[in-house]
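Printed here is coords-v5.cif (mmCIF, C-alpha atoms and all ligand atoms):
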data_final
loop_
_atom_site.label_atom_id
_atom_site.label_comp_id
_atom_site.auth_asym_id
_atom_site.auth_seq_id
_atom_site.Cartn_x
_atom_site.Cartn_y
_atom_site.Cartn_z
CA MET K 21 5.31 -4.55 -16.02
CA ASN K 22 7.23 -1.31 -15.55
CA HIS K 23 9.37 -0.74 -12.49
CA ARG K 24 10.25 2.42 -10.60
CA HIS K 25 12.85 3.22 -8.01
CA LEU K 26 11.48 3.37 -4.50
CA GLY K 27 12.21 7.02 -3.83
CA SER K 28 15.91 7.86 -3.97
CA SER K 29 16.90 4.23 -3.36
CA GLY K 30 18.36 1.80 -5.86
CA LEU K 31 15.51 -0.62 -5.17
CA GLU K 32 13.20 -1.12 -8.14
CA VAL K 33 9.59 -2.08 -7.48
CA SER K 34 6.83 -3.11 -9.87
CA VAL K 35 4.58 -0.09 -10.48
CA LEU K 36 1.60 -2.27 -9.65
CA GLY K 37 2.16 -3.89 -6.28
CA LEU K 38 -0.09 -6.17 -4.27
CA GLY K 39 -1.77 -5.18 -1.00
CA THR K 40 -2.40 -8.14 1.26
CA ASN K 41 -4.60 -7.07 4.16
CA ASN K 42 -7.29 -9.47 2.87
CA PHE K 43 -4.98 -12.46 3.27
CA GLY K 44 -5.79 -14.46 6.37
CA MET K 45 -8.95 -12.42 6.87
CA ARG K 46 -11.02 -12.92 3.73
CA CYS K 47 -8.58 -15.11 1.75
CA ASP K 48 -7.58 -18.55 3.01
CA GLU K 49 -4.16 -20.06 2.44
CA ALA K 50 -5.02 -21.62 -0.92
CA THR K 51 -6.57 -18.41 -2.30
CA THR K 52 -3.60 -16.39 -1.06
CA ALA K 53 -1.27 -18.71 -2.97
CA ARG K 54 -3.37 -18.42 -6.13
CA VAL K 55 -3.42 -14.61 -5.97
CA LEU K 56 0.36 -14.50 -5.42
CA ASP K 57 0.99 -16.94 -8.30
CA GLN K 58 -1.13 -14.78 -10.57
CA ALA K 59 0.73 -11.68 -9.41
CA LEU K 60 4.07 -13.26 -10.31
CA ASP K 61 2.64 -14.29 -13.67
CA VAL K 62 1.94 -10.66 -14.59
CA ASP K 63 5.16 -9.48 -12.93
CA VAL K 64 3.47 -7.83 -9.94
CA THR K 65 6.30 -8.53 -7.55
CA PHE K 66 6.14 -5.81 -4.89
CA ILE K 67 4.15 -7.19 -1.94
CA ASP K 68 2.94 -5.10 0.98
CA THR K 69 1.94 -6.78 4.22
CA ALA K 70 2.07 -6.05 7.98
CA ASN K 71 2.59 -7.96 11.21
CA ILE K 72 -1.11 -7.48 12.05
CA TYR K 73 -2.89 -8.28 8.77
CA GLY K 74 -5.31 -11.17 9.13
CA GLY K 75 -4.26 -11.43 12.79
CA THR K 76 -0.80 -12.62 11.82
CA LYS K 77 -1.99 -14.90 9.03
CA SER K 78 -1.21 -12.62 6.09
CA GLU K 79 2.51 -12.93 6.78
CA GLU K 80 2.18 -16.68 7.47
CA PHE K 81 0.28 -17.41 4.25
CA ILE K 82 2.68 -15.25 2.22
CA GLY K 83 5.66 -17.06 3.76
CA LYS K 84 4.20 -20.41 2.72
CA ALA K 85 3.19 -19.25 -0.77
CA LEU K 86 6.60 -17.71 -1.49
CA LYS K 87 8.56 -20.82 -0.49
CA GLY K 88 11.17 -21.45 -3.18
CA LYS K 89 10.43 -18.16 -4.95
CA ARG K 90 11.15 -15.57 -2.27
CA ASP K 91 13.89 -13.95 -4.36
CA LYS K 92 11.42 -13.14 -7.15
CA PHE K 93 9.54 -10.71 -4.87
CA VAL K 94 10.23 -7.43 -3.13
CA LEU K 95 8.62 -7.93 0.24
CA GLY K 96 7.52 -5.10 2.50
CA THR K 97 6.05 -5.49 5.96
CA LYS K 98 5.32 -3.23 8.93
CA PHE K 99 5.45 -3.00 12.71
CA GLY K 100 4.01 -0.59 15.24
CA MET K 101 0.24 -0.87 15.04
CA GLY K 102 -2.29 -3.03 16.84
CA GLY K 103 -1.06 -5.81 19.05
CA GLY K 104 -2.33 -6.49 22.54
CA LYS K 105 -2.95 -4.01 25.34
CA GLU K 106 0.25 -4.86 27.20
CA PRO K 107 3.19 -2.41 27.21
CA ASN K 108 5.50 -2.57 24.16
CA ALA K 109 2.92 -4.41 22.05
CA ARG K 110 2.94 -1.54 19.54
CA GLY K 111 4.78 1.67 18.76
CA GLY K 112 8.26 2.66 17.63
CA SER K 113 10.39 1.56 20.55
CA ARG K 114 13.61 -0.39 20.06
CA LYS K 115 12.07 -3.20 22.08
CA HIS K 116 8.95 -3.49 19.92
CA ILE K 117 10.93 -3.26 16.68
CA MET K 118 13.49 -5.91 17.67
CA ASP K 119 10.70 -8.25 18.88
CA GLN K 120 8.53 -7.77 15.82
CA ILE K 121 11.19 -8.22 13.14
CA GLU K 122 12.02 -11.67 14.50
CA LYS K 123 8.34 -12.64 14.48
CA SER K 124 7.78 -11.30 10.97
CA LEU K 125 10.87 -13.06 9.61
CA ARG K 126 9.69 -16.32 11.14
CA ARG K 127 6.18 -15.99 9.75
CA LEU K 128 7.39 -14.88 6.33
CA ASP K 129 9.88 -17.74 6.37
CA THR K 130 12.68 -15.51 5.13
CA ASP K 131 15.88 -14.07 6.57
CA TYR K 132 15.34 -10.55 5.22
CA VAL K 133 12.61 -8.02 4.57
CA ASP K 134 13.14 -5.70 1.63
CA LEU K 135 11.15 -2.80 3.05
CA TYR K 136 10.44 -2.44 6.78
CA GLN K 137 7.88 0.24 7.57
CA ILE K 138 6.67 1.84 10.77
CA HIS K 139 2.89 1.54 10.42
CA ILE K 140 1.96 4.74 12.24
CA ALA K 141 3.86 7.52 13.99
CA ASP K 142 4.49 6.91 17.69
CA PRO K 143 4.43 10.21 19.58
CA GLY K 144 5.59 8.37 22.74
CA THR K 145 8.97 7.35 21.30
CA PRO K 146 11.70 9.72 20.11
CA ILE K 147 12.18 9.30 16.36
CA GLU K 148 15.95 8.89 17.01
CA GLU K 149 15.22 5.68 18.92
CA THR K 150 13.04 4.28 16.12
CA LEU K 151 15.52 5.20 13.39
CA ARG K 152 18.51 3.83 15.30
CA ALA K 153 16.77 0.49 15.80
CA MET K 154 15.75 0.35 12.11
CA ASP K 155 19.29 1.34 11.10
CA ASP K 156 20.65 -1.52 13.23
CA LEU K 157 18.35 -3.95 11.39
CA VAL K 158 19.71 -2.72 8.06
CA ARG K 159 23.28 -3.20 9.29
CA GLN K 160 22.39 -6.71 10.52
CA GLY K 161 21.04 -7.57 7.05
CA LYS K 162 17.56 -8.35 8.35
CA VAL K 163 16.10 -5.33 6.59
CA ARG K 164 17.20 -3.73 3.31
CA TYR K 165 15.29 -0.44 3.18
CA ILE K 166 13.05 1.42 5.59
CA GLY K 167 9.87 3.45 5.21
CA CYS K 168 6.96 4.87 7.15
CA SER K 169 3.20 4.93 6.92
CA ASN K 170 0.46 7.30 8.13
CA PHE K 171 3.06 10.00 8.93
CA ALA K 172 2.19 13.67 8.52
CA ALA K 173 4.54 15.60 6.23
CA TRP K 174 6.24 17.27 9.21
CA GLN K 175 6.88 13.89 10.80
CA VAL K 176 8.55 12.53 7.66
CA SER K 177 10.54 15.75 7.45
CA GLU K 178 11.66 15.38 11.08
CA ALA K 179 12.65 11.75 10.41
CA VAL K 180 14.61 12.52 7.24
CA TRP K 181 16.40 15.42 8.98
CA THR K 182 17.20 13.16 11.97
CA SER K 183 18.63 10.44 9.71
CA ARG K 184 20.79 12.97 7.89
CA THR K 185 22.01 14.61 11.08
CA LEU K 186 22.84 11.33 12.83
CA ASN K 187 24.01 9.53 9.69
CA LEU K 188 21.33 6.85 9.99
CA THR K 189 19.47 4.96 7.27
CA SER K 190 16.66 7.18 6.00
CA PHE K 191 13.07 6.44 5.00
CA VAL K 192 12.89 5.81 1.24
CA SER K 193 9.08 5.62 1.14
CA VAL K 194 5.87 6.79 2.74
CA GLN K 195 2.55 4.93 2.70
CA PRO K 196 -0.43 7.29 2.97
CA HIS K 197 -4.14 6.94 2.16
CA TYR K 198 -4.26 8.39 -1.35
CA ASN K 199 -6.59 7.96 -4.31
CA LEU K 200 -8.86 9.89 -6.68
CA LEU K 201 -11.41 10.40 -3.90
CA LYS K 202 -8.90 11.35 -1.22
CA ARG K 203 -6.31 13.86 -2.32
CA ASP K 204 -5.51 15.82 0.84
CA ILE K 205 -1.85 14.68 0.93
CA GLU K 206 -1.26 16.80 -2.18
CA LYS K 207 -1.07 19.88 0.09
CA GLU K 208 1.99 18.92 2.16
CA LEU K 209 3.19 15.35 1.80
CA VAL K 210 3.34 15.09 -2.00
CA PRO K 211 5.43 18.28 -2.46
CA PHE K 212 7.73 17.15 0.37
CA CYS K 213 8.24 13.71 -1.22
CA LYS K 214 8.87 15.25 -4.62
CA LYS K 215 11.52 17.64 -3.30
CA TYR K 216 13.30 15.04 -1.12
CA ASP K 217 12.79 12.07 -3.46
CA VAL K 218 10.82 9.91 -1.06
CA GLY K 219 8.66 7.34 -2.87
CA ILE K 220 4.90 7.40 -2.31
CA VAL K 221 3.16 4.02 -2.00
CA PRO K 222 -0.56 4.88 -1.73
CA PHE K 223 -2.78 2.65 0.35
CA PHE K 224 -6.51 2.19 -0.42
CA PRO K 225 -5.70 3.11 -4.06
CA LEU K 226 -9.11 1.74 -5.09
CA GLU K 227 -10.86 3.14 -2.00
CA SER K 228 -11.59 -0.44 -0.93
CA GLY K 229 -13.01 -1.32 -4.34
CA LEU K 230 -15.38 1.66 -4.72
CA LEU K 231 -13.12 3.00 -7.48
CA THR K 232 -13.60 -0.18 -9.54
CA GLY K 233 -17.28 0.72 -10.03
CA LYS K 234 -18.46 -2.51 -8.41
CA TYR K 235 -20.70 -0.70 -5.89
CA ARG K 236 -23.86 1.07 -7.06
CA GLN K 237 -25.80 3.65 -5.10
CA GLY K 238 -29.03 2.23 -3.69
CA GLU K 239 -28.07 -1.37 -4.58
CA PRO K 240 -26.76 -4.04 -2.22
CA ALA K 241 -23.01 -4.66 -2.34
CA PRO K 242 -22.05 -7.66 -4.51
CA LYS K 243 -22.19 -10.86 -2.45
CA GLY K 244 -18.88 -11.68 -0.80
CA SER K 245 -17.34 -8.28 -1.61
CA ARG K 246 -15.50 -6.23 1.03
CA MET K 247 -18.50 -3.94 1.63
CA ASP K 248 -20.78 -6.98 1.92
CA THR K 249 -18.61 -8.75 4.45
CA THR K 250 -16.83 -5.97 6.37
CA THR K 251 -18.85 -2.99 7.59
CA MET K 252 -15.88 -0.93 8.81
CA PHE K 253 -15.08 0.27 5.25
CA SER K 254 -18.63 1.26 4.32
CA ARG K 255 -18.35 4.96 5.26
CA VAL K 256 -16.87 5.62 1.81
CA LEU K 257 -20.17 4.60 0.21
CA ASN K 258 -21.69 8.09 0.35
CA GLU K 259 -23.58 10.14 -2.18
CA GLY K 260 -20.70 12.48 -3.05
CA ASN K 261 -18.31 9.61 -3.73
CA PHE K 262 -20.88 7.76 -5.85
CA ARG K 263 -21.42 10.91 -7.93
CA THR K 264 -17.67 11.31 -8.51
CA VAL K 265 -17.15 7.63 -9.34
CA THR K 266 -20.00 7.71 -11.88
CA ALA K 267 -18.42 10.73 -13.60
CA LEU K 268 -14.97 9.10 -13.54
CA GLU K 269 -16.49 5.96 -14.99
CA GLY K 270 -17.92 8.01 -17.87
CA PHE K 271 -14.48 9.57 -18.48
CA ALA K 272 -12.81 6.13 -18.52
CA GLN K 273 -15.44 4.46 -20.72
CA GLU K 274 -15.21 7.22 -23.36
CA ARG K 275 -11.56 6.17 -23.66
CA ASP K 276 -12.24 2.40 -23.65
CA HIS K 277 -11.02 1.88 -20.12
CA THR K 278 -12.58 0.97 -16.79
CA VAL K 279 -12.72 3.29 -13.81
CA GLY K 280 -10.48 0.84 -11.92
CA GLU K 281 -7.82 1.25 -14.59
CA LEU K 282 -8.24 5.01 -14.30
CA ALA K 283 -7.69 4.90 -10.52
CA ILE K 284 -4.36 3.16 -11.03
CA ALA K 285 -3.27 5.13 -14.12
CA TRP K 286 -4.03 8.42 -12.33
CA LEU K 287 -1.85 7.58 -9.33
CA LEU K 288 0.97 6.48 -11.62
CA ALA K 289 0.74 9.74 -13.58
CA ASN K 290 2.56 11.21 -10.58
CA PRO K 291 6.23 10.17 -10.91
CA THR K 292 6.68 10.46 -7.13
CA VAL K 293 4.32 7.50 -6.74
CA SER K 294 6.60 4.45 -6.82
CA SER K 295 4.03 1.66 -6.73
CA VAL K 296 0.27 1.23 -6.41
CA ILE K 297 -0.34 -1.60 -3.95
CA ALA K 298 -3.89 -2.51 -4.95
CA GLY K 299 -5.44 -5.20 -2.79
CA ALA K 300 -6.98 -8.29 -4.42
CA THR K 301 -9.02 -11.25 -3.23
CA LYS K 302 -9.09 -13.05 -6.57
CA PRO K 303 -6.40 -13.72 -9.19
CA GLU K 304 -8.49 -12.10 -11.94
CA GLN K 305 -8.51 -8.80 -10.01
CA VAL K 306 -4.71 -8.66 -10.28
CA VAL K 307 -4.95 -9.18 -14.03
CA ALA K 308 -7.62 -6.47 -14.36
CA ASN K 309 -5.60 -4.03 -12.25
CA ALA K 310 -2.45 -4.63 -14.29
CA LYS K 311 -4.26 -3.13 -17.30
CA GLY K 312 -4.26 0.27 -15.57
CA VAL K 313 -0.48 0.43 -15.76
CA ASP K 314 -0.37 0.80 -19.54
CA TRP K 315 -2.72 3.79 -19.69
CA LYS K 316 -0.65 6.98 -19.83
CA LEU K 317 -2.86 9.96 -19.06
CA SER K 318 -2.18 13.18 -21.00
CA ASP K 319 -1.97 16.64 -19.42
CA ASP K 320 -5.42 17.37 -20.87
CA ASP K 321 -6.77 14.16 -19.32
CA LEU K 322 -5.36 15.18 -15.94
CA LYS K 323 -6.96 18.63 -16.17
CA GLU K 324 -10.33 17.08 -16.96
CA ILE K 325 -9.97 14.61 -14.09
CA ASP K 326 -9.18 17.51 -11.74
CA LYS K 327 -12.58 18.98 -12.62
CA ILE K 328 -14.37 15.70 -11.84
CA ALA K 329 -12.39 14.76 -8.70
CA PRO K 330 -10.78 17.98 -7.49
CA ALA K 331 -7.82 18.19 -5.13
CA ALA K 332 -8.86 18.80 -1.49
N1 LIG K 401 -0.55 1.58 5.99
C1 LIG K 401 -1.82 1.48 6.30
O1 LIG K 401 -2.30 2.00 7.32
C2 LIG K 401 -2.72 0.72 5.37
C3 LIG K 401 -4.12 0.80 5.50
C4 LIG K 401 -4.91 0.08 4.59
C5 LIG K 401 -4.31 -0.67 3.60
N2 LIG K 401 -2.94 -0.77 3.54
C6 LIG K 401 -2.25 -1.55 2.48
O2 LIG K 401 -2.71 -1.08 1.24
C7 LIG K 401 -3.21 -2.17 0.47
C8 LIG K 401 -4.30 -1.69 -0.46
O3 LIG K 401 -5.46 -1.31 0.28
P1 LIG K 401 -6.73 -2.23 0.36
O4 LIG K 401 -6.40 -3.57 -0.17
O5 LIG K 401 -7.24 -2.17 1.74
O6 LIG K 401 -7.79 -1.48 -0.54
P2 LIG K 401 -7.86 -1.17 -2.11
O7 LIG K 401 -6.61 -1.60 -2.78
O8 LIG K 401 -8.30 0.22 -2.24
O9 LIG K 401 -9.07 -2.11 -2.55
C9 LIG K 401 -8.93 -3.49 -2.50
C10 LIG K 401 -10.27 -4.15 -2.76
O10 LIG K 401 -10.75 -3.75 -4.01
C11 LIG K 401 -11.38 -4.84 -4.66
N3 LIG K 401 -10.76 -5.01 -5.96
C12 LIG K 401 -9.45 -4.98 -6.27
N4 LIG K 401 -9.27 -5.13 -7.57
C13 LIG K 401 -10.50 -5.26 -8.11
C14 LIG K 401 -10.97 -5.42 -9.43
N5 LIG K 401 -10.14 -5.45 -10.47
N6 LIG K 401 -12.31 -5.51 -9.63
C15 LIG K 401 -13.17 -5.46 -8.59
N7 LIG K 401 -12.78 -5.30 -7.33
C16 LIG K 401 -11.45 -5.19 -7.10
C17 LIG K 401 -11.22 -6.05 -3.79
O11 LIG K 401 -12.47 -6.14 -3.13
P3 LIG K 401 -13.20 -7.46 -2.71
O12 LIG K 401 -12.57 -7.74 -1.40
O13 LIG K 401 -14.60 -7.02 -2.60
O14 LIG K 401 -12.94 -8.53 -3.71
C18 LIG K 401 -10.14 -5.65 -2.81
O15 LIG K 401 -10.34 -6.19 -1.53
C19 LIG K 401 -3.68 -3.15 1.55
O16 LIG K 401 -3.90 -4.44 1.05
C20 LIG K 401 -2.54 -3.04 2.51
O17 LIG K 401 -1.43 -3.79 2.06
C21 LIG K 401 -2.16 -0.06 4.39
#
Write out the structure in this file as structure tokens.
Ligand SMILES: NC(=O)c1ccc[n+]([C@@H]2O[C@H](COP(=O)([O-])OP(=O)(O)OC[C@H]3O[C@@H](n4cnc5c(N)ncnc54)[C@H](OP(=O)(O)O)[C@@H]3O)[C@@H](O)[C@H]2O)c1
Amino acid sequence: MNHRHLGSSGLEVSVLGLGTNNFGMRCDEATTARVLDQALDVDVTFIDTANIYGGTKSEEFIGKALKGKRDKFVLGTKFGMGGGKEPNARGGSRKHIMDQIEKSLRRLDTDYVDLYQIHIADPGTPIEETLRAMDDLVRQGKVRYIGCSNFAAWQVSEAVWTSRTLNLTSFVSVQPHYNLLKRDIEKELVPFCKKYDVGIVPFFPLESGLLTGKYRQGEPAPKGSRMDTTTMFSRVLNEGNFRTVTALEGFAQERDHTVGELAIAWLLANPTVSSVIAGATKPEQVVANAKGVDWKLSDDDLKEIDKIAPAA
């Protein structure tokens, strides 16, 4: 497995990471452990979770599964989204951050998080407050690097400028929705990250599995799959996307690859992408996804792909 620096930081992460929002929701504790063991076996060691995945069970199951092998993984988690309706249950306030890190550390059964990310921008809290609290966590040794997710380019820019001006720890990564079917961040966020060396960690890299070719237009979703069990993701199953995936599948098959491998290889063709955190519910999915890492797309390939799945 290759590794890349997470943005301008010294931290190296496996180029294929593991997304874990299925853990605790559609994967029980034993399955979570099996998927994580398989990940380690193929050197997929960058793990992305959040304080709200699977209720709070994703962090709990990961903490149990990583017992005795925590140091083999680079562990990222998040705060700021979801929670109850009560005040301070979400957002970027110092109070929420200081509360949540303690809870995440307990659940993950560790004394440090490698990458602590704000899950979504909080317009109600000054970014200085959020960054100062995150900076304090770095100084306390509870957190090693910080990042953000679901931020617009201007919001990342404001945060990086604020960190520089106030001499605070700066975001080394962003986590946006980005894949072959959703390329709108190429307008603003990707050029920003390239210029300022902020690592991109795309979420939904497989568009919830659609980009593996497992869903077919007009046919029921495979039994037990995400689209079979969870309706909230099904809006991506539309005619336009099916047409694009079929064409991408043809492109991949002509080159003896799967469309899932193409989805991963295409993201990694952009050097500003640090790691592709593909989600998995089964160990064999991690193995299949790892094959995408070795496919280096040529400039001609990329031009052809642009015709099939154009930028927004
Ligand atoms: N920051 C945010 O707001 C945000 C939002 C969403 C996700 N995330 C993070 O990003 C990670 C990745 O996103 P995601 O997991 O939601 O979606 P994804 O990576 O686009 O797709 C994951 C799904 O694809 C299917 N899959 C994976 N590998 C497969 C293979 N080789 N063959 C067939 N099917 C395969 C699995 O579906 P089945 O379940 O059907 O087996 C899996 O649940 C998440 O786990 C989470 O850590 C962050």
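Distance annotation: of K:Glu79, K:Asp131, K:Glu178, K:Asp320, the residue with the minimal separation from ligand LIG 401 (chain K) is K:Glu79; atom set is all atoms listed in the file.
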I'd like the contact shell of Thr51 in chain K - 12 Å cut-off, only C-alpha atoms, skipping same-chain residues fewer than 4 positions apart - returned as a compact mmCIF listing (two decimals) with C-alpha atoms, in the coordinates of the input.
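Result went into result39.txt, see below:
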# COMPACT_ATOMS: atom_id res chain seq x y z
CA THR K 40 -2.40 -8.14 1.26
CA ASN K 42 -7.29 -9.47 2.87
CA PHE K 43 -4.98 -12.46 3.27
CA GLY K 44 -5.79 -14.46 6.37
CA MET K 45 -8.95 -12.42 6.87
CA ARG K 46 -11.02 -12.92 3.73
CA CYS K 47 -8.58 -15.11 1.75
CA VAL K 55 -3.42 -14.61 -5.97
CA LEU K 56 0.36 -14.50 -5.42
CA ASP K 57 0.99 -16.94 -8.30
CA GLN K 58 -1.13 -14.78 -10.57
CA SER K 78 -1.21 -12.62 6.09
CA PHE K 81 0.28 -17.41 4.25
CA ILE K 82 2.68 -15.25 2.22
CA ALA K 85 3.19 -19.25 -0.77
CA ALA K 300 -6.98 -8.29 -4.42
CA THR K 301 -9.02 -11.25 -3.23
CA LYS K 302 -9.09 -13.05 -6.57
CA PRO K 303 -6.40 -13.72 -9.19
CA GLU K 304 -8.49 -12.10 -11.94
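Every protein or nucleic acid residue with an atom no more than 8 Å from Arg246 in chain K, counting all atoms listed in the file and leaving out same-chain residues fewer than 4 positions away, appears here: K:Ser228, K:Gly229, K:Thr250, K:Phe253.
Taking CA of Asn309 in chain K as the reference point, CA of Lys202 in chain K is found at 19.2 Å.
Separating CA of Pro196 in chain K from CA of Ser177 in chain K is a distance of 14.6 Å.
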